[in-house]
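Undergrad: Sharing run-v9.csv, CSV, C-alpha atoms and all ligand atoms:
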chain,number,residue,atom,x,y,z
A,1,MET,CA,22.0,-16.5,-16.6
A,2,GLU,CA,24.0,-13.6,-15.0
A,3,HIS,CA,22.2,-10.2,-14.8
A,4,LEU,CA,23.9,-6.9,-15.2
A,5,LEU,CA,24.0,-4.2,-12.4
A,6,PRO,CA,23.2,-0.6,-13.3
A,7,GLU,CA,26.1,1.5,-14.7
A,8,LYS,CA,26.2,3.7,-11.6
A,9,PHE,CA,26.3,0.8,-9.1
A,10,GLU,CA,29.7,1.7,-7.7
A,11,ASP,CA,28.5,5.2,-6.8
A,12,TYR,CA,25.6,3.8,-4.6
A,13,ALA,CA,25.7,3.8,-0.8
A,14,GLU,CA,26.3,0.4,0.9
A,15,GLY,CA,22.6,-0.3,1.8
A,16,ARG,CA,21.5,0.3,-1.8
A,17,LYS,CA,24.3,-1.9,-3.2
A,18,LYS,CA,23.2,-4.7,-0.9
A,19,GLY,CA,19.7,-4.4,-2.2
A,20,PHE,CA,20.9,-4.6,-5.8
A,21,LEU,CA,23.1,-7.6,-5.0
A,22,LYS,CA,20.2,-9.4,-3.3
A,23,MET,CA,18.0,-8.9,-6.3
A,24,LYS,CA,20.7,-9.8,-8.7
A,25,LYS,CA,21.2,-13.1,-6.9
A,26,VAL,CA,17.4,-13.7,-7.1
A,27,LYS,CA,17.5,-13.1,-10.8
A,28,ASP,CA,20.7,-15.0,-11.4
A,29,GLU,CA,19.0,-18.0,-9.7
A,30,GLY,CA,16.4,-17.9,-12.4
A,31,LYS,CA,13.5,-16.4,-10.5
A,32,ASN,CA,10.9,-14.1,-12.1
A,33,VAL,CA,9.9,-10.9,-10.5
A,34,VAL,CA,6.8,-8.8,-11.0
A,35,GLY,CA,6.6,-5.2,-9.6
A,36,TYR,CA,3.3,-3.5,-8.6
A,37,PHE,CA,2.3,-0.2,-7.2
A,38,CYS,CA,-1.2,-0.6,-6.0
A,39,THR,CA,-3.4,-2.7,-3.6
A,40,PHE,CA,-5.6,-3.6,-6.6
A,41,ALA,CA,-2.9,-5.9,-8.0
A,42,PRO,CA,-4.1,-9.5,-7.3
A,43,LEU,CA,-0.9,-11.0,-6.0
A,44,GLU,CA,-2.4,-14.4,-5.8
A,45,ILE,CA,-1.8,-14.7,-9.6
A,46,PHE,CA,2.0,-14.4,-9.1
A,47,ASP,CA,2.1,-16.6,-6.0
A,48,ALA,CA,0.2,-19.3,-8.1
A,49,GLY,CA,2.8,-19.0,-10.9
A,50,GLY,CA,5.8,-19.2,-8.6
A,51,ILE,CA,6.7,-15.6,-9.5
A,52,LEU,CA,8.0,-13.1,-6.9
A,53,SER,CA,5.9,-9.9,-6.4
A,54,VAL,CA,7.3,-6.7,-4.9
A,55,SER,CA,5.9,-3.3,-4.1
A,56,LEU,CA,7.5,-0.5,-6.0
A,57,CYS,CA,5.9,2.6,-4.4
A,58,GLY,CA,8.4,5.4,-4.2
A,59,MET,CA,8.8,6.6,-0.6
A,60,SER,CA,11.4,9.3,-0.7
A,61,ASP,CA,12.0,12.7,-2.4
A,62,GLU,CA,15.5,11.6,-3.5
A,63,THR,CA,14.4,11.0,-7.1
A,64,ILE,CA,11.7,13.6,-7.5
A,65,ALA,CA,13.8,16.2,-9.2
A,66,ASP,CA,14.8,13.6,-11.8
A,67,ALA,CA,11.2,12.7,-12.3
A,68,GLU,CA,10.3,16.3,-12.8
A,69,THR,CA,12.5,16.5,-15.9
A,70,GLU,CA,9.7,14.4,-17.6
A,71,LEU,CA,6.6,14.7,-15.4
A,72,PRO,CA,4.7,17.8,-14.2
A,73,LYS,CA,5.8,19.2,-10.9
A,74,ASN,CA,2.2,19.3,-9.6
A,75,LEU,CA,1.8,15.5,-9.6
A,76,CYS,CA,1.6,13.7,-6.3
A,77,PRO,CA,5.0,12.8,-4.8
A,78,LEU,CA,4.3,9.1,-4.8
A,79,ILE,CA,4.0,9.1,-8.5
A,80,LYS,CA,7.0,11.2,-9.1
A,81,SER,CA,9.2,9.3,-6.6
A,82,SER,CA,8.2,6.0,-8.1
A,83,TYR,CA,8.9,7.1,-11.7
A,84,GLY,CA,12.1,8.8,-10.6
A,85,PHE,CA,13.4,5.5,-9.1
A,86,ALA,CA,12.8,3.8,-12.4
A,87,LEU,CA,14.4,6.6,-14.4
A,88,THR,CA,17.5,6.8,-12.3
A,89,GLU,CA,17.9,3.0,-11.8
A,90,LYS,CA,18.2,3.6,-8.0
A,91,CYS,CA,15.6,1.0,-6.9
A,92,PRO,CA,16.8,-2.6,-7.2
A,93,TYR,CA,13.2,-4.0,-7.3
A,94,THR,CA,12.2,-1.7,-10.2
A,95,TYR,CA,15.5,-2.3,-11.9
A,96,PHE,CA,15.2,-6.1,-11.8
A,97,ALA,CA,11.4,-6.4,-12.3
A,98,ASP,CA,10.6,-8.4,-15.4
A,99,MET,CA,7.2,-7.0,-15.6
A,100,ILE,CA,5.4,-4.1,-13.8
A,101,ILE,CA,1.7,-4.1,-13.2
A,102,GLY,CA,0.0,-0.7,-13.7
A,103,GLU,CA,-3.6,-0.1,-13.0
A,104,SER,CA,-6.2,2.4,-14.1
A,105,THR,CA,-6.7,4.2,-10.8
A,106,CYS,CA,-5.9,7.9,-10.6
A,107,ASP,CA,-5.1,9.8,-13.8
A,108,GLY,CA,-1.6,10.8,-12.7
A,109,LYS,CA,-0.6,7.1,-12.2
A,110,LYS,CA,-2.3,6.0,-15.4
A,111,LYS,CA,-0.4,8.5,-17.5
A,112,MET,CA,2.9,7.9,-15.6
A,113,TYR,CA,2.6,4.2,-16.5
A,114,GLU,CA,2.6,5.2,-20.2
A,115,ARG,CA,6.0,6.9,-19.7
A,116,LEU,CA,7.2,4.0,-17.5
A,117,GLY,CA,6.3,1.6,-20.4
A,118,LYS,CA,9.2,3.2,-22.3
A,119,LEU,CA,11.6,2.0,-19.6
A,120,LYS,CA,10.1,-1.3,-18.5
A,121,ASP,CA,7.5,-3.9,-19.6
A,122,VAL,CA,4.4,-2.5,-18.1
A,123,TYR,CA,1.0,-4.3,-18.2
A,124,MET,CA,-2.1,-2.2,-17.5
A,125,MET,CA,-5.0,-3.6,-15.6
A,126,GLN,CA,-8.3,-1.7,-16.2
A,127,ILE,CA,-10.0,-1.3,-12.8
A,128,PRO,CA,-13.8,-0.5,-12.9
A,129,GLN,CA,-14.4,2.5,-10.8
A,130,GLY,CA,-18.2,2.5,-10.6
A,131,ILE,CA,-18.6,-0.3,-8.2
A,132,ASP,CA,-22.3,0.2,-7.9
A,133,ARG,CA,-22.7,-1.0,-11.5
A,134,PRO,CA,-23.8,-4.6,-12.1
A,135,TYR,CA,-21.0,-5.0,-14.7
A,136,ALA,CA,-18.2,-3.9,-12.3
A,137,LYS,CA,-17.6,-7.4,-10.9
A,138,PRO,CA,-17.6,-9.3,-14.2
A,139,LEU,CA,-15.3,-6.6,-15.7
A,140,MET,CA,-12.9,-7.0,-12.8
A,141,ALA,CA,-13.1,-10.8,-13.1
A,142,ASN,CA,-12.2,-10.5,-16.8
A,143,GLU,CA,-9.3,-8.2,-16.1
A,144,ILE,CA,-7.9,-10.7,-13.7
A,145,LYS,CA,-8.3,-13.5,-16.3
A,146,LEU,CA,-6.4,-11.3,-18.8
A,147,LEU,CA,-3.6,-10.8,-16.3
A,148,VAL,CA,-3.4,-14.5,-15.7
A,149,LYS,CA,-3.1,-15.0,-19.5
A,150,LYS,CA,-0.5,-12.3,-19.8
A,151,THR,CA,1.5,-13.8,-16.8
A,152,GLU,CA,1.4,-17.3,-18.4
A,153,GLU,CA,2.6,-16.0,-21.7
A,154,LYS,CA,5.3,-13.7,-20.3
A,155,PHE,CA,6.8,-16.3,-18.0
A,156,GLY,CA,5.9,-19.6,-19.8
A,157,VAL,CA,4.0,-20.9,-16.8
A,158,LYS,CA,0.5,-22.5,-16.5
A,159,ILE,CA,-1.8,-21.2,-13.8
A,160,THR,CA,-4.9,-23.3,-13.1
A,161,ASP,CA,-8.0,-22.3,-11.1
A,162,ASP,CA,-6.8,-24.8,-8.5
A,163,ASP,CA,-3.4,-23.0,-8.2
A,164,LEU,CA,-5.2,-19.7,-7.8
A,165,ARG,CA,-7.4,-21.2,-5.1
A,166,LYS,CA,-4.4,-22.5,-3.1
A,167,ALA,CA,-2.7,-19.2,-3.5
A,168,ALA,CA,-5.8,-17.4,-2.2
A,169,VAL,CA,-5.9,-19.7,0.9
A,170,LYS,CA,-2.3,-18.8,1.7
A,171,ARG,CA,-2.8,-15.0,1.1
A,172,ASN,CA,-5.9,-15.1,3.3
A,173,GLU,CA,-3.7,-16.7,6.0
A,174,TYR,CA,-1.3,-13.8,5.6
A,175,ARG,CA,-4.1,-11.3,5.8
A,176,ARG,CA,-5.4,-13.0,9.0
A,177,ALA,CA,-2.0,-12.8,10.6
A,178,CYS,CA,-1.5,-9.1,9.7
A,179,LEU,CA,-5.0,-8.4,11.1
A,180,GLU,CA,-4.2,-10.2,14.3
A,181,LEU,CA,-1.3,-7.8,14.7
A,182,MET,CA,-3.4,-4.7,13.8
A,183,GLU,CA,-6.2,-5.8,16.1
A,184,LEU,CA,-3.9,-5.8,19.1
A,185,GLN,CA,-4.7,-2.1,19.0
A,186,HIS,CA,-8.3,-2.7,20.1
A,187,ALA,CA,-6.8,-2.8,23.7
A,188,VAL,CA,-6.9,0.3,25.8
A,189,PRO,CA,-4.2,1.4,26.0
A,190,ALA,CA,-3.0,0.2,22.6
A,191,PRO,CA,0.2,-1.9,22.8
A,192,VAL,CA,1.9,-1.4,19.5
A,193,PRO,CA,4.0,1.8,18.9
A,194,SER,CA,2.7,3.5,15.8
A,195,VAL,CA,5.8,3.9,13.7
A,196,GLN,CA,6.9,0.4,14.5
A,197,LEU,CA,3.5,-1.0,13.4
A,198,TYR,CA,3.5,0.7,10.1
A,199,LYS,CA,7.2,0.0,9.3
A,200,PHE,CA,6.7,-3.7,10.1
A,201,LEU,CA,3.6,-3.9,7.9
A,202,ASP,CA,5.4,-2.1,5.1
A,203,SER,CA,8.7,-4.1,5.3
A,204,ILE,CA,7.0,-7.4,5.5
A,205,LYS,CA,5.9,-6.9,1.9
A,206,PHE,CA,9.5,-7.4,0.9
A,207,ASN,CA,9.7,-10.9,2.4
A,208,PHE,CA,9.4,-13.0,-0.7
A,209,ASP,CA,8.6,-16.2,1.3
A,210,LEU,CA,4.9,-15.9,2.4
A,211,GLU,CA,5.2,-18.7,4.9
A,212,SER,CA,8.1,-16.9,6.6
A,213,ALA,CA,6.3,-13.6,6.4
A,214,ILE,CA,3.3,-15.2,8.2
A,215,GLN,CA,5.7,-16.6,10.8
A,216,SER,CA,7.3,-13.3,11.5
A,217,VAL,CA,3.9,-11.6,12.1
A,218,HIS,CA,3.0,-14.4,14.6
A,219,GLU,CA,6.4,-13.8,16.3
A,220,LEU,CA,5.9,-10.1,16.6
A,221,VAL,CA,2.3,-10.6,17.9
A,222,ALA,CA,3.7,-12.9,20.6
A,223,LYS,CA,6.5,-10.5,21.5
A,224,ILE,CA,4.1,-7.6,21.8
A,225,LYS,CA,1.7,-9.5,24.0
A,226,GLU,CA,4.6,-10.4,26.3
A,227,GLU,CA,6.1,-6.9,26.5
A,228,ASN,CA,2.8,-5.1,26.7
A,229,ALA,CA,4.5,-1.7,26.7
A,230,THR,CA,1.6,0.8,26.9
A,231,ASN,CA,0.9,4.3,27.9
A,232,PRO,CA,-2.6,5.0,29.2
A,233,ASP,CA,-2.4,8.8,28.5
A,234,GLU,CA,-2.0,8.5,24.7
A,235,LYS,CA,-4.7,9.9,22.4
A,236,ARG,CA,-6.1,7.2,20.1
A,237,ILE,CA,-5.9,8.2,16.4
A,238,LEU,CA,-7.2,6.6,13.2
A,239,VAL,CA,-5.0,7.5,10.2
A,240,THR,CA,-6.6,7.5,6.7
A,241,GLY,CA,-6.0,9.0,3.3
A,242,CYS,CA,-3.2,8.5,0.8
A,243,PRO,CA,-0.4,5.9,1.2
A,244,ILE,CA,1.9,7.4,3.9
A,245,GLY,CA,5.1,5.5,3.6
A,246,GLY,CA,6.9,8.6,2.3
A,247,VAL,CA,5.7,10.8,5.1
A,248,LEU,CA,5.8,8.3,8.0
A,249,ASP,CA,8.3,10.0,10.2
A,250,LYS,CA,6.9,13.5,9.6
A,251,VAL,CA,3.3,12.5,10.4
A,252,VAL,CA,3.2,9.4,12.5
A,253,GLY,CA,6.5,10.3,14.2
A,254,SER,CA,4.9,13.6,15.2
A,255,ILE,CA,1.8,11.8,16.5
A,256,GLU,CA,4.0,9.7,18.7
A,257,LYS,CA,6.0,12.7,19.8
A,258,ASN,CA,2.9,14.5,20.8
A,259,ASN,CA,1.5,11.8,23.0
A,260,GLY,CA,-0.7,10.1,20.4
A,261,ARG,CA,-0.9,6.5,19.2
A,262,VAL,CA,-2.2,5.3,15.9
A,263,VAL,CA,-4.7,2.6,16.8
A,264,CYS,CA,-5.7,2.0,13.2
A,265,PHE,CA,-4.0,2.7,9.8
A,266,GLU,CA,-7.0,2.6,7.5
A,267,ASN,CA,-4.8,3.4,4.4
A,268,CYS,CA,-3.2,0.9,2.0
A,269,SER,CA,-0.4,-0.9,3.9
A,270,GLY,CA,-2.9,-0.9,6.8
A,271,ILE,CA,-6.2,-2.5,7.4
A,272,LYS,CA,-7.9,-1.5,4.1
A,273,PRO,CA,-6.6,-4.4,2.0
A,274,MET,CA,-6.3,-6.9,4.8
A,275,ARG,CA,-10.0,-7.3,5.4
A,276,CYS,CA,-10.6,-8.0,1.7
A,277,PHE,CA,-10.6,-11.8,2.0
A,278,VAL,CA,-11.0,-14.0,-1.0
A,279,ASP,CA,-13.9,-16.5,-0.7
A,280,THR,CA,-12.0,-19.6,-1.5
A,281,GLU,CA,-15.3,-21.7,-1.3
A,282,ASN,CA,-16.7,-19.7,-4.3
A,283,PRO,CA,-16.8,-22.2,-7.2
A,284,ASP,CA,-15.8,-19.3,-9.6
A,285,ILE,CA,-12.4,-18.2,-8.2
A,286,TYR,CA,-12.3,-15.2,-10.6
A,287,ASP,CA,-15.6,-14.0,-9.2
A,288,ALA,CA,-14.2,-14.4,-5.7
A,289,PHE,CA,-11.1,-12.3,-6.6
A,290,ALA,CA,-13.2,-9.6,-8.2
A,291,ASP,CA,-15.5,-9.5,-5.2
A,292,ALA,CA,-12.6,-9.2,-2.8
A,293,TYR,CA,-10.5,-6.6,-4.6
A,294,LEU,CA,-13.5,-4.4,-5.4
A,295,LYS,CA,-14.0,-4.0,-1.7
A,296,ILE,CA,-10.9,-1.8,-1.4
A,297,GLY,CA,-12.2,1.6,-0.4
A,298,CYS,CA,-9.9,3.8,-2.6
A,299,ALA,CA,-10.8,7.4,-3.4
A,300,VAL,CA,-10.5,6.6,-7.2
A,301,MET,CA,-13.8,4.8,-6.8
A,302,SER,CA,-17.0,6.8,-7.4
A,303,PRO,CA,-19.0,6.4,-5.3
A,304,ASN,CA,-16.4,5.3,-2.8
A,305,ILE,CA,-18.9,3.2,-0.8
A,306,HIS,CA,-16.5,1.1,1.1
A,307,ARG,CA,-14.3,3.8,2.6
A,308,PHE,CA,-17.3,5.7,3.9
A,309,GLU,CA,-18.9,2.6,5.4
A,310,ASN,CA,-15.6,1.4,6.9
A,311,ILE,CA,-14.3,4.5,8.6
A,312,PRO,CA,-17.2,5.0,11.1
A,313,ASN,CA,-17.0,1.3,11.9
A,314,LEU,CA,-13.3,1.4,12.4
A,315,VAL,CA,-13.6,4.4,14.6
A,316,ARG,CA,-16.0,2.5,16.9
A,317,GLU,CA,-14.1,-0.8,16.7
A,318,PHE,CA,-10.7,0.8,17.6
A,319,LYS,CA,-12.2,3.4,20.0
A,320,ALA,CA,-10.4,6.1,18.0
A,321,GLU,CA,-10.6,9.6,19.5
A,322,GLY,CA,-9.6,11.4,16.4
A,323,VAL,CA,-9.3,10.9,12.6
A,324,LEU,CA,-6.3,12.2,10.8
A,325,ASP,CA,-6.8,12.3,7.0
A,326,VAL,CA,-3.4,12.6,5.3
A,327,THR,CA,-3.4,13.7,1.7
A,328,LEU,CA,-0.4,14.0,-0.6
A,329,GLN,CA,-0.1,17.2,-2.5
A,330,GLY,CA,-1.6,16.8,-6.0
A,331,CYS,CA,-3.8,13.8,-5.0
A,332,HIS,CA,-7.1,15.1,-6.2
A,333,PRO,CA,-9.2,12.0,-5.4
A,334,TYR,CA,-8.3,12.0,-1.7
A,335,MET,CA,-8.2,15.8,-1.4
A,336,ILE,CA,-11.7,16.2,-2.8
A,337,GLU,CA,-13.0,13.3,-0.6
A,338,SER,CA,-11.6,15.0,2.5
A,339,ARG,CA,-14.6,17.3,2.7
A,340,ALA,CA,-17.1,14.5,2.7
A,341,LEU,CA,-15.0,12.6,5.2
A,342,GLN,CA,-15.0,15.6,7.5
A,343,GLU,CA,-18.8,15.7,7.3
A,344,LYS,CA,-19.0,12.0,8.1
A,345,CYS,CA,-16.7,12.5,11.2
A,346,ASN,CA,-18.9,15.4,12.3
A,347,GLU,CA,-22.0,13.1,12.0
A,348,ILE,CA,-20.3,10.5,14.3
A,349,ASN,CA,-18.9,13.1,16.6
A,350,VAL,CA,-15.2,12.3,16.2
A,351,PRO,CA,-12.6,15.1,15.8
A,352,TYR,CA,-11.2,15.3,12.3
A,353,MET,CA,-8.2,17.0,10.7
A,354,ASN,CA,-6.9,17.0,7.2
A,355,LEU,CA,-3.2,17.3,6.6
A,356,GLU,CA,-1.8,18.0,3.2
A,357,THR,CA,1.9,17.4,2.7
A,358,ASP,CA,4.5,16.0,0.4
A,359,TYR,CA,7.8,14.1,0.7
A,360,SER,CA,9.9,17.2,1.4
A,361,HIS,CA,11.0,18.3,4.8
A,362,SER,CA,10.1,22.0,4.3
A,363,ASP,CA,6.9,21.6,6.3
A,364,ASP,CA,8.1,19.3,9.1
A,365,GLY,CA,7.7,22.0,11.8
A,366,GLN,CA,4.3,23.2,10.5
A,367,ILE,CA,3.0,19.6,10.4
A,368,ASP,CA,4.3,19.0,13.9
A,369,THR,CA,2.6,22.1,15.2
A,370,ARG,CA,-0.7,21.2,13.6
A,371,ILE,CA,-0.7,17.6,14.9
A,372,ALA,CA,0.2,18.9,18.4
A,373,ALA,CA,-2.7,21.3,18.3
A,374,PHE,CA,-5.1,18.6,17.0
A,375,LEU,CA,-4.1,16.2,19.8
A,376,GLU,CA,-4.5,18.9,22.3
A,377,THR,CA,-8.2,19.4,21.4
A,378,ILE,CA,-9.0,15.7,21.9
B,1,LIG,S1,-4.7,4.5,-2.4
B,1,LIG,FE1,-5.9,3.6,-4.1
B,1,LIG,S2,-4.6,3.9,-5.9
B,1,LIG,FE2,-3.3,4.2,-4.1
B,1,LIG,S3,-2.3,2.2,-3.7
B,1,LIG,FE3,-4.2,2.3,-2.5
B,1,LIG,S4,-5.8,1.4,-3.8
B,1,LIG,FE4,-4.1,1.9,-5.1
B,2,LIG,S1,-1.8,9.3,-3.6
B,2,LIG,FE1,-3.5,9.9,-4.9
B,2,LIG,S2,-2.5,10.9,-6.7
B,2,LIG,FE2,-1.0,9.7,-5.6
B,2,LIG,S3,-1.0,7.7,-6.7
B,2,LIG,FE3,-2.4,7.5,-4.9
B,2,LIG,S4,-4.4,8.0,-5.7
B,2,LIG,FE4,-2.9,8.7,-7.2
Rewrite the structure from the file as structure tokens, please.

TA:
Amino acid sequence: MEHLLPEKFEDYAEGRKKGFLKMKKVKDEGKNVVGYFCTFAPLEIFDAGGILSVSLCGMSDETIADAETELPKNLCPLIKSSYGFALTEKCPYTYFADMIIGESTCDGKKKMYERLGKLKDVYMMQIPQGIDRPYAKPLMANEIKLLVKKTEEKFGVKITDDDLRKAAVKRNEYRRACLELMELQHAVPAPVPSVQLYKFLDSIKFNFDLESAIQSVHELVAKIKEENATNPDEKRILVTGCPIGGVLDKVVGSIEKNNGRVVCFENCSGIKPMRCFVDTENPDIYDAFADAYLKIGCAVMSPNIHRFENIPNLVREFKAEGVLDVTLQGCHPYMIESRALQEKCNEINVPYMNLETDYSHSDDGQIDTRIAAFLETI
């Protein structure tokens, strides 16, 4: 079946046109595509059903003004950008997604998904946020079961426990490969340039072939080991907080420019989800998924036990000399948590700085000055 391109396709720049044509081909070949926004989305389900899954997080301010015609201006830029791309039909992945997974994480996203449901087929997962409660794990396991059922109905596929287990084995392999890359930064000096590391981890999510994604991580690891391009004077920084794809050049580019190197990205797209392995030996695969996904230390959790356990350990493990906590404007969960994180960093005696920013370029100079001053104090 041939799929239609957006009405404004001819107005798009070449790169965007290519993206649309690539996704149109995927759809014309009969493949099904699921879009997701959050690390809590259990991608093993789609792998098990032979369905492609793709991240839809908006990373640029290009569509924010359009989004603000329907959403409040004081929402976080990630939410506005993501919604704006759906509204303007400028993202090929959102445009061609047959179903989009929303999740009950922060209030802004939850309510945005209700609007998005008017444009696309959105399925909401209810994520338990009190992970210290005994019912959190069974609730998450049930939510995963419901998502499996929804996926089977939507796409006319059958997903067995055995399929899920095999998919989990493969995703664990992918997680291990990404960790091998990230853990190269244990070395002093750390060998992987910060922007390159993040961009690679982010772009690999768009490789629909998991086997080839794993292979390309191994190739990069081998190449970095061979090149070993390091600078012993660089300050070792751990970056935490909100997802930072939309402020990468502004923040991480500035760290690099000011003689720093990110030794660990704790955020989503970094180490946080990669250490959440699924126990494939667990006789109840749903229990294993629930266990793994509830370990994601996101600020929407209360208490957010895992983030506060992980950061001191990661500081020690990666020998970080400073913690940079990046919060997107309007992100209440991470902004409020920044105070407690500062106290935690004081306890373990590591310099801490919070940076609040958005996807615009109006504060580029100010962010650069603050990062330069922070690195200077280390
Ligand atoms: S920070 Fe939290 S809500 Fe945002 S993508 Fe990560 S897990 Fe999801
Ligand atoms: S950055 Fe914060 S406000 Fe924005 S989507 Fe993530 S949790 Fe929600």

Undergrad: Which residues are close to Glu266 of chain A, i.e. within 8 Å by all atoms listed in the file, leaving aside same-chain residues fewer than 4 positions away? Reply as a PyMOL selection string.

TA: chain A and resi 238-241+270-272+311

Undergrad: Restricting the calculation to only C-alpha atoms and all ligand atoms: of A:Leu5, A:Ala299, A:Val263, A:Met353, which residue gets closest to ligand LIG 2 (chain B)?

TA: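 With only C-alpha atoms and all ligand atoms as the atom set, the closest residue is A:Ala299.
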
Undergrad: Per residue of chain A within 7 Å of ligand LIG 1 (chain B), which atom pair is closest and at what distance in Å (one decimal), using only C-alpha atoms and all ligand atoms, listed by chain and increasing number, as CSV?

TA:
residue,atom,partner,partner_atom,distance
A:Phe37,CA,B:LIG1,S3,6.3
A:Cys38,CA,B:LIG1,S3,3.8
A:Thr39,CA,B:LIG1,S4,4.8
A:Phe40,CA,B:LIG1,S4,5.7
A:Thr105,CA,B:LIG1,S2,5.3
A:Cys106,CA,B:LIG1,S2,6.3
A:Cys242,CA,B:LIG1,S1,5.3
A:Pro243,CA,B:LIG1,S1,5.8
A:Asn267,CA,B:LIG1,S1,6.9
A:Cys268,CA,B:LIG1,FE3,4.8
A:Ile296,CA,B:LIG1,S4,6.5
A:Cys298,CA,B:LIG1,FE1,4.3
A:Ala299,CA,B:LIG1,FE1,6.2
A:Val300,CA,B:LIG1,FE1,6.3

Undergrad: Can you pull out the residues contacting Lys154 of chain A? Cut-off 12 Å, using all atoms listed in the file, and skip same-chain residues under 6 positions away; I want them as a PDB file with C-alpha atoms, keeping the file's coordinate frame.

TA:
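Final file, selection.pdb:
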ATOM      1  CA  ASN A  32      10.900 -14.100 -12.100  1.00  0.00           C
ATOM      2  CA  VAL A  33       9.900 -10.900 -10.500  1.00  0.00           C
ATOM      3  CA  VAL A  34       6.800  -8.800 -11.000  1.00  0.00           C
ATOM      4  CA  PHE A  46       2.000 -14.400  -9.100  1.00  0.00           C
ATOM      5  CA  GLY A  49       2.800 -19.000 -10.900  1.00  0.00           C
ATOM      6  CA  ILE A  51       6.700 -15.600  -9.500  1.00  0.00           C
ATOM      7  CA  ASP A  98      10.600  -8.400 -15.400  1.00  0.00           C
ATOM      8  CA  MET A  99       7.200  -7.000 -15.600  1.00  0.00           C
ATOM      9  CA  ILE A 100       5.400  -4.100 -13.800  1.00  0.00           C
ATOM     10  CA  ASP A 121       7.500  -3.900 -19.600  1.00  0.00           C
ATOM     11  CA  VAL A 122       4.400  -2.500 -18.100  1.00  0.00           C
ATOM     12  CA  TYR A 123       1.000  -4.300 -18.200  1.00  0.00           C
ATOM     13  CA  LEU A 147      -3.600 -10.800 -16.300  1.00  0.00           C
ATOM     14  CA  VAL A 148      -3.400 -14.500 -15.700  1.00  0.00           C
TER      15      VAL A 148
END

Undergrad: Suppose you want the space between atom CA of Gly260 of chain A and atom CA of Ile237 of chain A; what is it in Å?

TA: 6.8 Å

Undergrad: Tell me, as a ChimeraX atom specification, which residues lie within 12 Å of segment 172-178 of chain A, counting only C-alpha atoms; anything in the same chain fewer than 6 positions away does not count.

TA: /A:43-44,165-166,184,197-198,200-202,204-205,207,209-222,269-280,289,292

Undergrad: Atom CA of Gly35 of chain A to atom CA of Thr94 of chain A: how many Å, to one decimal?

TA: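 Rounded to one decimal, the two atoms are 6.6 Å apart.
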
Undergrad: Please provide the set of residues having any atom within 12 Å of Asp249 of chain A, restricted to all atoms listed in the file, with same-chain residues fewer than 2 positions apart removed, written as a PyMOL selection string.

TA: chain A and resi 59-60+194-196+198-199+244-247+251-257+359-361+364+367-368

Undergrad: Rounded to one decimal, what separation in Å do you get between atom CA of Ile101 of chain A and atom CA of Asp47 of chain A?

TA: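 One can read the atom CA of Ile101 of chain A to atom CA of Asp47 of chain A distance as 14.4 Å.
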
Undergrad: Sorted by chain and rising residue number, list the residues of segment 314-367 of chain A at most 10 Å from segment 108-120 of chain A (counting only C-alpha atoms), each with its closest atom pair and distance in Å to one decimal, as a Markdown table.

TA:
| residue | atom | partner | partner_atom | distance |
| --- | --- | --- | --- | --- |
| A:Gly330 | CA | A:Gly108 | CA | 9.0 |
| A:Cys331 | CA | A:Gly108 | CA | 8.6 |
| A:His332 | CA | A:Gly108 | CA | 9.5 |

Undergrad: For each of A:Glu337, A:Glu343, A:Gly297, A:Pro283, take the minimum atom-to-atom distance to Asn310 of chain A, counting only C-alpha atoms, then give the residue where this is smallest.

TA: A:Gly297

Undergrad: Need to verify the contact set: Ile159 of chain A, 9 Å, all atoms listed in the file, exclusion of same-chain residues closer than 6 positions in sequence. Can you return it as a list in words?

TA: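 Returned residues: Ile45, Ala48, Gly49, Val148, Lys149, Thr151 and Glu152 of chain A.
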
Undergrad: Work out where the centre of an axis-aligned box around every listed atom of ligand LIG 2 (chain B) lies and how long its edges are once 5 Å is added on each side; give both in Å to one decimal as lines of an AutoDock Vina configuration file.

TA:
center_x = -2.7
center_y = 9.2
center_z = -5.4
size_x = 13.4
size_y = 13.4
size_z = 13.6

Undergrad: Nearest residue to ligand LIG 2 (chain B) out of A:Ile305, A:Val26, A:Met335, A:Ala288, using all atoms listed in the file?

TA: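 So, comparing all the options, the nearest one is A:Met335.
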
Undergrad: Restricting the calculation to only C-alpha atoms, which member of A:Glu376, A:Asp233, A:Asp162, A:Asp358 is positioned closest to Ile79 of chain A?

TA: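 Comparing A:Glu376, A:Asp233, A:Asp162, A:Asp358 against Ile79 of chain A, the winner is A:Asp358.
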
Undergrad: Would you list the residues near (23.5, 0.3, -0.8) (no more than 12 Å away, in the coordinates of the file, using only C-alpha atoms) as a list in words?

TA: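 All residues meeting the 12 Å criterion around (23.5, 0.3, -0.8) are Lys8, Phe9, Glu10, Asp11, Tyr12, Ala13, Glu14, Gly15, Arg16, Lys17, Lys18, Gly19, Phe20, Leu21, Lys22, Lys90, Cys91 and Pro92 of chain A.
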